[in-house]
$ cat work12.pdb   # PDB, C-alpha atoms, pLDDT in the B column
ATOM      1  CA  MET A1434       0.000   0.000   0.000  1.00 65.00           C
ATOM      2  CA  MET A1435       1.459   3.325  -1.089  1.00 84.00           C
ATOM      3  CA  THR A1436       0.239   6.438   0.705  1.00 94.00           C
ATOM      4  CA  LYS A1437       0.836   9.964  -0.579  1.00 96.00           C
ATOM      5  CA  LEU A1438       1.328  13.300   1.137  1.00 97.00           C
ATOM      6  CA  PHE A1439       1.044  16.410  -1.032  1.00 98.00           C
ATOM      7  CA  LEU A1440       2.538  19.706   0.164  1.00 98.00           C
ATOM      8  CA  VAL A1441       1.658  22.991  -1.552  1.00 98.00           C
ATOM      9  CA  ARG A1442       2.822  26.469  -0.635  1.00 98.00           C
ATOM     10  CA  HIS A1443       0.027  29.019  -1.138  1.00 98.00           C
ATOM     11  CA  GLY A1444      -0.015  31.087  -4.329  1.00 97.00           C
ATOM     12  CA  GLN A1445       1.701  34.462  -4.469  1.00 96.00           C
ATOM     13  CA  SER A1446       0.236  36.861  -1.900  1.00 97.00           C
ATOM     14  CA  LEU A1447      -0.046  40.628  -2.169  1.00 96.00           C
ATOM     15  CA  TRP A1448       2.761  41.073   0.336  1.00 96.00           C
ATOM     16  CA  ASN A1449       4.952  38.515  -1.473  1.00 94.00           C
ATOM     17  CA  LEU A1450       4.536  40.793  -4.476  1.00 94.00           C
ATOM     18  CA  GLU A1451       5.330  43.906  -2.413  1.00 95.00           C
ATOM     19  CA  ASN A1452       8.357  42.221  -0.765  1.00 94.00           C
ATOM     20  CA  ARG A1453       6.944  42.633   2.746  1.00 95.00           C
ATOM     21  CA  PHE A1454       7.322  40.420   5.815  1.00 95.00           C
ATOM     22  CA  THR A1455       3.915  38.730   6.024  1.00 96.00           C
ATOM     23  CA  GLY A1456       4.025  36.169   8.838  1.00 96.00           C
ATOM     24  CA  TRP A1457       0.676  35.943  10.622  1.00 97.00           C
ATOM     25  CA  GLN A1458      -0.892  38.906   8.799  1.00 97.00           C
ATOM     26  CA  ASP A1459      -3.994  37.770   6.909  1.00 97.00           C
ATOM     27  CA  ILE A1460      -3.117  38.805   3.357  1.00 97.00           C
ATOM     28  CA  ASP A1461      -4.881  37.269   0.336  1.00 98.00           C
ATOM     29  CA  ILE A1462      -3.362  35.980  -2.893  1.00 98.00           C
ATOM     30  CA  THR A1463      -2.890  38.008  -6.089  1.00 97.00           C
ATOM     31  CA  GLU A1464      -4.143  37.211  -9.600  1.00 97.00           C
ATOM     32  CA  VAL A1465      -0.800  35.478 -10.155  1.00 97.00           C
ATOM     33  CA  GLY A1466      -1.416  33.499  -6.951  1.00 97.00           C
ATOM     34  CA  ILE A1467      -4.845  32.443  -8.224  1.00 98.00           C
ATOM     35  CA  GLU A1468      -3.274  31.140 -11.449  1.00 98.00           C
ATOM     36  CA  GLU A1469      -0.594  29.303  -9.450  1.00 98.00           C
ATOM     37  CA  ALA A1470      -3.308  27.650  -7.354  1.00 98.00           C
ATOM     38  CA  LYS A1471      -5.197  26.613 -10.501  1.00 98.00           C
ATOM     39  CA  LYS A1472      -2.041  25.052 -11.954  1.00 98.00           C
ATOM     40  CA  ALA A1473      -1.444  23.182  -8.686  1.00 98.00           C
ATOM     41  CA  GLY A1474      -4.998  21.837  -8.875  1.00 97.00           C
ATOM     42  CA  ILE A1475      -4.547  20.764 -12.488  1.00 97.00           C
ATOM     43  CA  SER A1476      -1.316  18.919 -11.611  1.00 96.00           C
ATOM     44  CA  LEU A1477      -3.125  17.060  -8.787  1.00 97.00           C
ATOM     45  CA  LYS A1478      -6.236  16.242 -10.819  1.00 95.00           C
ATOM     46  CA  LYS A1479      -5.397  12.558 -11.316  1.00 94.00           C
ATOM     47  CA  GLU A1480      -4.504  12.011  -7.660  1.00 95.00           C
ATOM     48  CA  LYS A1481      -6.882  10.659  -5.059  1.00 95.00           C
ATOM     49  CA  ILE A1482      -7.000  13.021  -2.083  1.00 97.00           C
ATOM     50  CA  ASN A1483      -8.957  11.927   0.997  1.00 97.00           C
ATOM     51  CA  ILE A1484      -8.486  14.872   3.346  1.00 98.00           C
ATOM     52  CA  ALA A1485      -6.861  18.314   3.322  1.00 98.00           C
ATOM     53  CA  PHE A1486      -5.220  20.438   6.014  1.00 98.00           C
ATOM     54  CA  THR A1487      -4.438  24.142   5.928  1.00 98.00           C
ATOM     55  CA  SER A1488      -3.627  27.079   8.173  1.00 98.00           C
ATOM     56  CA  VAL A1489      -6.176  29.647   9.334  1.00 98.00           C
ATOM     57  CA  LEU A1490      -4.707  32.347   7.052  1.00 98.00           C
ATOM     58  CA  ILE A1491      -6.671  33.438   3.980  1.00 98.00           C
ATOM     59  CA  ARG A1492      -3.836  33.005   1.482  1.00 98.00           C
ATOM     60  CA  ALA A1493      -3.576  29.292   2.283  1.00 98.00           C
ATOM     61  CA  LYS A1494      -7.337  28.728   2.602  1.00 98.00           C
ATOM     62  CA  HIS A1495      -8.025  30.518  -0.714  1.00 98.00           C
ATOM     63  CA  THR A1496      -5.313  28.506  -2.472  1.00 98.00           C
ATOM     64  CA  LEU A1497      -6.750  25.254  -1.112  1.00 98.00           C
ATOM     65  CA  SER A1498     -10.300  26.073  -2.214  1.00 97.00           C
ATOM     66  CA  ILE A1499      -9.072  26.791  -5.769  1.00 98.00           C
ATOM     67  CA  ILE A1500      -7.106  23.520  -5.839  1.00 98.00           C
ATOM     68  CA  LEU A1501     -10.140  21.505  -4.677  1.00 97.00           C
ATOM     69  CA  ASN A1502     -12.334  23.147  -7.309  1.00 97.00           C
ATOM     70  CA  GLU A1503      -9.779  22.369 -10.008  1.00 96.00           C
ATOM     71  CA  ILE A1504      -9.537  18.703  -9.065  1.00 96.00           C
ATOM     72  CA  GLY A1505     -13.321  18.559  -9.165  1.00 93.00           C
ATOM     73  CA  ASN A1506     -13.832  17.589  -5.537  1.00 89.00           C
ATOM     74  CA  PRO A1507     -14.603  20.682  -3.437  1.00 85.00           C
ATOM     75  CA  ASN A1508     -16.232  18.550  -0.728  1.00 90.00           C
ATOM     76  CA  ILE A1509     -13.082  16.819   0.522  1.00 95.00           C
ATOM     77  CA  PRO A1510     -12.926  17.208   4.337  1.00 97.00           C
ATOM     78  CA  VAL A1511     -10.789  20.231   5.258  1.00 98.00           C
ATOM     79  CA  ILE A1512      -9.203  20.831   8.666  1.00 98.00           C
ATOM     80  CA  MET A1513      -7.803  24.285   9.467  1.00 98.00           C
ATOM     81  CA  ASP A1514      -5.390  24.914  12.316  1.00 98.00           C
ATOM     82  CA  LYS A1515      -3.108  27.774  13.315  1.00 98.00           C
ATOM     83  CA  ALA A1516      -0.385  25.208  14.021  1.00 98.00           C
ATOM     84  CA  LEU A1517       0.200  25.264  10.240  1.00 98.00           C
ATOM     85  CA  ASN A1518       0.437  29.071  10.073  1.00 98.00           C
ATOM     86  CA  GLU A1519       3.467  30.793   8.631  1.00 98.00           C
ATOM     87  CA  ARG A1520       6.324  31.671  10.942  1.00 97.00           C
ATOM     88  CA  SER A1521       5.536  34.872  12.866  1.00 97.00           C
ATOM     89  CA  TYR A1522       7.868  37.740  12.013  1.00 96.00           C
ATOM     90  CA  GLY A1523       6.582  39.783  14.954  1.00 96.00           C
ATOM     91  CA  ASN A1524       7.481  43.470  14.753  1.00 94.00           C
ATOM     92  CA  LEU A1525       8.794  43.067  11.190  1.00 95.00           C
ATOM     93  CA  GLU A1526       5.389  42.135   9.756  1.00 96.00           C
ATOM     94  CA  GLY A1527       4.222  44.620   7.153  1.00 95.00           C
ATOM     95  CA  LEU A1528       7.693  46.096   6.668  1.00 95.00           C
ATOM     96  CA  ASN A1529       9.356  46.092   3.251  1.00 95.00           C
ATOM     97  CA  LYS A1530      12.322  43.705   3.326  1.00 93.00           C
ATOM     98  CA  ALA A1531      14.658  46.035   1.405  1.00 92.00           C
ATOM     99  CA  GLU A1532      13.771  49.021   3.614  1.00 91.00           C
ATOM    100  CA  THR A1533      14.247  46.871   6.726  1.00 93.00           C
ATOM    101  CA  ALA A1534      17.708  45.900   5.462  1.00 91.00           C
ATOM    102  CA  LEU A1535      18.582  49.585   5.070  1.00 90.00           C
ATOM    103  CA  LYS A1536      17.431  50.246   8.638  1.00 88.00           C
ATOM    104  CA  TYR A1537      18.988  47.251  10.441  1.00 91.00           C
ATOM    105  CA  GLY A1538      21.654  46.179   7.943  1.00 93.00           C
ATOM    106  CA  ASP A1539      21.687  43.363   5.383  1.00 92.00           C
ATOM    107  CA  GLU A1540      23.454  40.950   7.705  1.00 92.00           C
ATOM    108  CA  GLN A1541      20.957  41.373  10.551  1.00 94.00           C
ATOM    109  CA  VAL A1542      17.938  40.931   8.258  1.00 91.00           C
ATOM    110  CA  HIS A1543      19.571  37.914   6.598  1.00 87.00           C
ATOM    111  CA  THR A1544      20.143  36.406  10.065  1.00 90.00           C
ATOM    112  CA  TRP A1545      16.490  36.970  11.036  1.00 92.00           C
ATOM    113  CA  ARG A1546      15.262  35.408   7.800  1.00 87.00           C
ATOM    114  CA  ARG A1547      17.730  32.602   7.252  1.00 86.00           C
ATOM    115  CA  SER A1548      18.979  31.359  10.616  1.00 90.00           C
ATOM    116  CA  TYR A1549      17.388  28.388  12.338  1.00 95.00           C
ATOM    117  CA  ASP A1550      17.120  29.597  15.921  1.00 95.00           C
ATOM    118  CA  VAL A1551      17.478  33.406  15.892  1.00 94.00           C
ATOM    119  CA  VAL A1552      14.186  35.135  16.751  1.00 95.00           C
ATOM    120  CA  PRO A1553      13.191  38.396  15.008  1.00 94.00           C
ATOM    121  CA  PRO A1554      11.795  41.070  17.375  1.00 94.00           C
ATOM    122  CA  GLY A1555       8.509  39.778  18.791  1.00 96.00           C
ATOM    123  CA  GLY A1556       8.385  36.833  16.385  1.00 97.00           C
ATOM    124  CA  GLU A1557       9.392  33.182  15.961  1.00 97.00           C
ATOM    125  CA  SER A1558      12.529  31.433  14.779  1.00 96.00           C
ATOM    126  CA  LEU A1559      12.268  28.573  12.293  1.00 96.00           C
ATOM    127  CA  LYS A1560      13.006  26.299  15.270  1.00 97.00           C
ATOM    128  CA  ASP A1561       9.929  27.712  17.062  1.00 98.00           C
ATOM    129  CA  THR A1562       7.851  27.085  13.934  1.00 98.00           C
ATOM    130  CA  TYR A1563       9.160  23.503  13.712  1.00 98.00           C
ATOM    131  CA  ASN A1564       8.268  22.946  17.369  1.00 98.00           C
ATOM    132  CA  ARG A1565       4.585  23.765  16.756  1.00 98.00           C
ATOM    133  CA  VAL A1566       4.190  22.244  13.256  1.00 98.00           C
ATOM    134  CA  ILE A1567       5.724  18.818  13.908  1.00 98.00           C
ATOM    135  CA  PRO A1568       3.767  17.839  17.061  1.00 98.00           C
ATOM    136  CA  TYR A1569       0.574  18.784  15.206  1.00 98.00           C
ATOM    137  CA  PHE A1570       1.647  16.743  12.176  1.00 98.00           C
ATOM    138  CA  GLU A1571       2.465  13.707  14.320  1.00 97.00           C
ATOM    139  CA  LYS A1572      -0.755  13.869  16.351  1.00 98.00           C
ATOM    140  CA  GLU A1573      -3.336  14.989  13.777  1.00 98.00           C
ATOM    141  CA  ILE A1574      -2.064  14.127  10.280  1.00 97.00           C
ATOM    142  CA  ILE A1575       0.092  11.000  10.504  1.00 96.00           C
ATOM    143  CA  PRO A1576      -2.860   8.847  11.697  1.00 95.00           C
ATOM    144  CA  PHE A1577      -4.659   9.527   8.380  1.00 96.00           C
ATOM    145  CA  LEU A1578      -1.540   8.593   6.392  1.00 95.00           C
ATOM    146  CA  LYS A1579      -1.106   5.399   8.420  1.00 94.00           C
ATOM    147  CA  LYS A1580      -4.704   4.453   7.571  1.00 93.00           C
ATOM    148  CA  GLY A1581      -3.750   4.669   3.890  1.00 93.00           C
ATOM    149  CA  GLU A1582      -5.445   8.004   3.224  1.00 96.00           C
ATOM    150  CA  ASN A1583      -3.777  10.484   0.886  1.00 97.00           C
ATOM    151  CA  VAL A1584      -3.358  13.901   2.500  1.00 98.00           C
ATOM    152  CA  LEU A1585      -2.992  17.386   1.010  1.00 98.00           C
ATOM    153  CA  ILE A1586      -1.435  20.171   3.106  1.00 98.00           C
ATOM    154  CA  VAL A1587      -1.612  23.747   1.830  1.00 98.00           C
ATOM    155  CA  ALA A1588       0.467  26.011   4.028  1.00 98.00           C
ATOM    156  CA  HIS A1589       3.386  28.446   4.002  1.00 98.00           C
ATOM    157  CA  GLY A1590       7.085  28.652   3.207  1.00 95.00           C
ATOM    158  CA  ASN A1591       8.327  28.115   6.752  1.00 95.00           C
ATOM    159  CA  SER A1592       5.649  25.737   8.050  1.00 98.00           C
ATOM    160  CA  LEU A1593       6.314  23.560   4.989  1.00 97.00           C
ATOM    161  CA  ARG A1594      10.079  23.959   5.445  1.00 96.00           C
ATOM    162  CA  SER A1595       9.584  22.503   8.939  1.00 97.00           C
ATOM    163  CA  LEU A1596       7.724  19.501   7.517  1.00 97.00           C
ATOM    164  CA  ILE A1597      10.326  18.938   4.805  1.00 96.00           C
ATOM    165  CA  MET A1598      13.091  19.070   7.424  1.00 96.00           C
ATOM    166  CA  TYR A1599      11.246  16.402   9.431  1.00 96.00           C
ATOM    167  CA  LEU A1600      10.321  14.159   6.481  1.00 96.00           C
ATOM    168  CA  GLU A1601      13.739  14.269   4.815  1.00 95.00           C
ATOM    169  CA  HIS A1602      15.795  14.269   8.057  1.00 95.00           C
ATOM    170  CA  LEU A1603      17.586  17.474   7.065  1.00 95.00           C
ATOM    171  CA  SER A1604      19.920  19.483   9.262  1.00 95.00           C
ATOM    172  CA  PRO A1605      19.193  23.155  10.082  1.00 94.00           C
ATOM    173  CA  GLU A1606      21.871  24.140   7.555  1.00 91.00           C
ATOM    174  CA  GLU A1607      20.356  21.970   4.816  1.00 94.00           C
ATOM    175  CA  ILE A1608      16.771  23.177   5.314  1.00 93.00           C
ATOM    176  CA  LEU A1609      17.797  26.828   5.249  1.00 86.00           C
ATOM    177  CA  GLU A1610      19.091  26.289   1.707  1.00 86.00           C
ATOM    178  CA  ARG A1611      15.770  24.838   0.537  1.00 90.00           C
ATOM    179  CA  GLU A1612      13.553  27.160  -1.477  1.00 90.00           C
ATOM    180  CA  ILE A1613       9.861  26.277  -1.772  1.00 94.00           C
ATOM    181  CA  ALA A1614       8.119  27.653  -4.837  1.00 94.00           C
ATOM    182  CA  THR A1615       4.560  28.967  -4.576  1.00 95.00           C
ATOM    183  CA  GLY A1616       1.872  26.740  -6.056  1.00 95.00           C
ATOM    184  CA  ILE A1617       4.023  23.741  -7.036  1.00 96.00           C
ATOM    185  CA  PRO A1618       3.095  20.455  -5.293  1.00 97.00           C
ATOM    186  CA  ILE A1619       5.737  18.317  -3.605  1.00 97.00           C
ATOM    187  CA  THR A1620       4.696  14.668  -3.267  1.00 96.00           C
ATOM    188  CA  TYR A1621       5.956  12.277  -0.592  1.00 96.00           C
ATOM    189  CA  ILE A1622       5.220   8.597  -1.199  1.00 95.00           C
ATOM    190  CA  PHE A1623       5.312   6.282   1.824  1.00 92.00           C
ATOM    191  CA  ASP A1624       5.876   2.530   1.711  1.00 86.00           C
ATOM    192  CA  GLU A1625       4.024  -0.053   3.820  1.00 81.00           C
ATOM    193  CA  ASN A1626       6.466   0.539   6.709  1.00 78.00           C
ATOM    194  CA  PHE A1627       5.666   4.251   6.627  1.00 82.00           C
ATOM    195  CA  HIS A1628       9.075   5.257   5.317  1.00 83.00           C
ATOM    196  CA  VAL A1629       9.368   7.894   2.614  1.00 87.00           C
ATOM    197  CA  SER A1630      10.192   5.818  -0.444  1.00 75.00           C
ATOM    198  CA  ARG A1631      10.074   8.593  -3.032  1.00 73.00           C
ATOM    199  CA  VAL A1632       9.817  12.374  -3.330  1.00 82.00           C
ATOM    200  CA  GLU A1633       8.398  13.982  -6.464  1.00 76.00           C
ATOM    201  CA  ASN A1634       8.548  17.695  -7.269  1.00 69.00           C
TER
END

$ encode --input "work12.pdb" --output "structure tokens"
Amino acid sequence: MMTKLFLVRHGQSLWNLENRFTGWQDIDITEVGIEEAKKAGISLKKEKINIAFTSVLIRAKHTLSIILNEIGNPNIPVIMDKALNERSYGNLEGLNKAETALKYGDEQVHTWRRSYDVVPPGGESLKDTYNRVIPYFEKEIIPFLKKGENVLIVAHGNSLRSLIMYLEHLSPEEILEREIATGIPITYIFDENFHVSRVEN
């Protein structure tokens, strides 16, 4: 029995476009993001999906609803939880990344964005994000996969980075090099012993 887990980062959001720190701010997707979500749905059309999980943020929820419409099954059970939210950038949220670099320096902003355990002012590190995403995944999502149900997760760059780190046994240095494109599914295929036997991008 082969079970599949599909991970999709939400389509381009307005603040992605404007190069702003988004984090937990509830910003919707752009027209480009809508098209990315449609393409993700088209690429998943032949797959059987039993249940879907997403964050409570509109950009992920909107992307998921477009994907489910495209695959022709909008009535798949959907579970939303803030455990799958993007990493919080705290006091940086809403700020333009280039302007923030001018204010605090390129090196400081790079450290906030690309280190594993450094916390931006009032926000979360990637380690903090990992520590809320993975317990939720183990408790709420793995049981469906172990029952042989195929699962779709639509979430965010850093919540998905946490899952990829866990699933592929990556080090903090390795995961920080991983870029996750918007709207392009990543498929994990599990064997009967619940080991990842294949990854498809």

$ closest_residue --input "work12.pdb" --among "A:Met1435, A:Ile1622, A:Ala1470, A:Met1513" --to "Val1489 of chain A" --atoms "all atoms listed in the file"
A:Met1513

$ residues_around --input "work12.pdb" --residues "segment 1450-1455 of chain A" --least-positions-apart "5" --cutoff "9 Å" --atoms "all atoms listed in the file" --output "count of residues only"
14

$ closest_residue --input "work12.pdb" --among "A:Phe1623, A:Tyr1549, A:Trp1457, A:Phe1570" --to "Ser1604 of chain A" --atoms "all atoms listed in the file"
A:Tyr1549

$ closest_residue --input "work12.pdb" --among "A:Gly1474, A:Gly1444, A:Leu1438, A:Pro1576" --to "Ile1613 of chain A" --atoms "only C-alpha atoms"
A:Gly1444

$ atom_distance --input "work12.pdb" --atom1 "atom CA of Leu1609 of chain A" --atom2 "atom CA of Ser1548 of chain A"
7.1 Å

$ resolve_selection --input "work12.pdb" --expression "the PyMOL selection byres ((chain A and resi 1631) around 12)" --output "count of residues only"
19

$ atom_distance --input "work12.pdb" --atom1 "atom CA of Lys1536 of chain A" --atom2 "atom CA of Asp1550 of chain A"
21.9 Å

$ closest_residue --input "work12.pdb" --among "A:Glu1503, A:Glu1612, A:Glu1468, A:Asp1514" --to "Ser1488 of chain A" --atoms "all atoms listed in the file"
A:Asp1514

$ atom_distance --input "work12.pdb" --atom1 "atom CA of Gly1590 of chain A" --atom2 "atom CA of Lys1479 of chain A"
25.0 Å
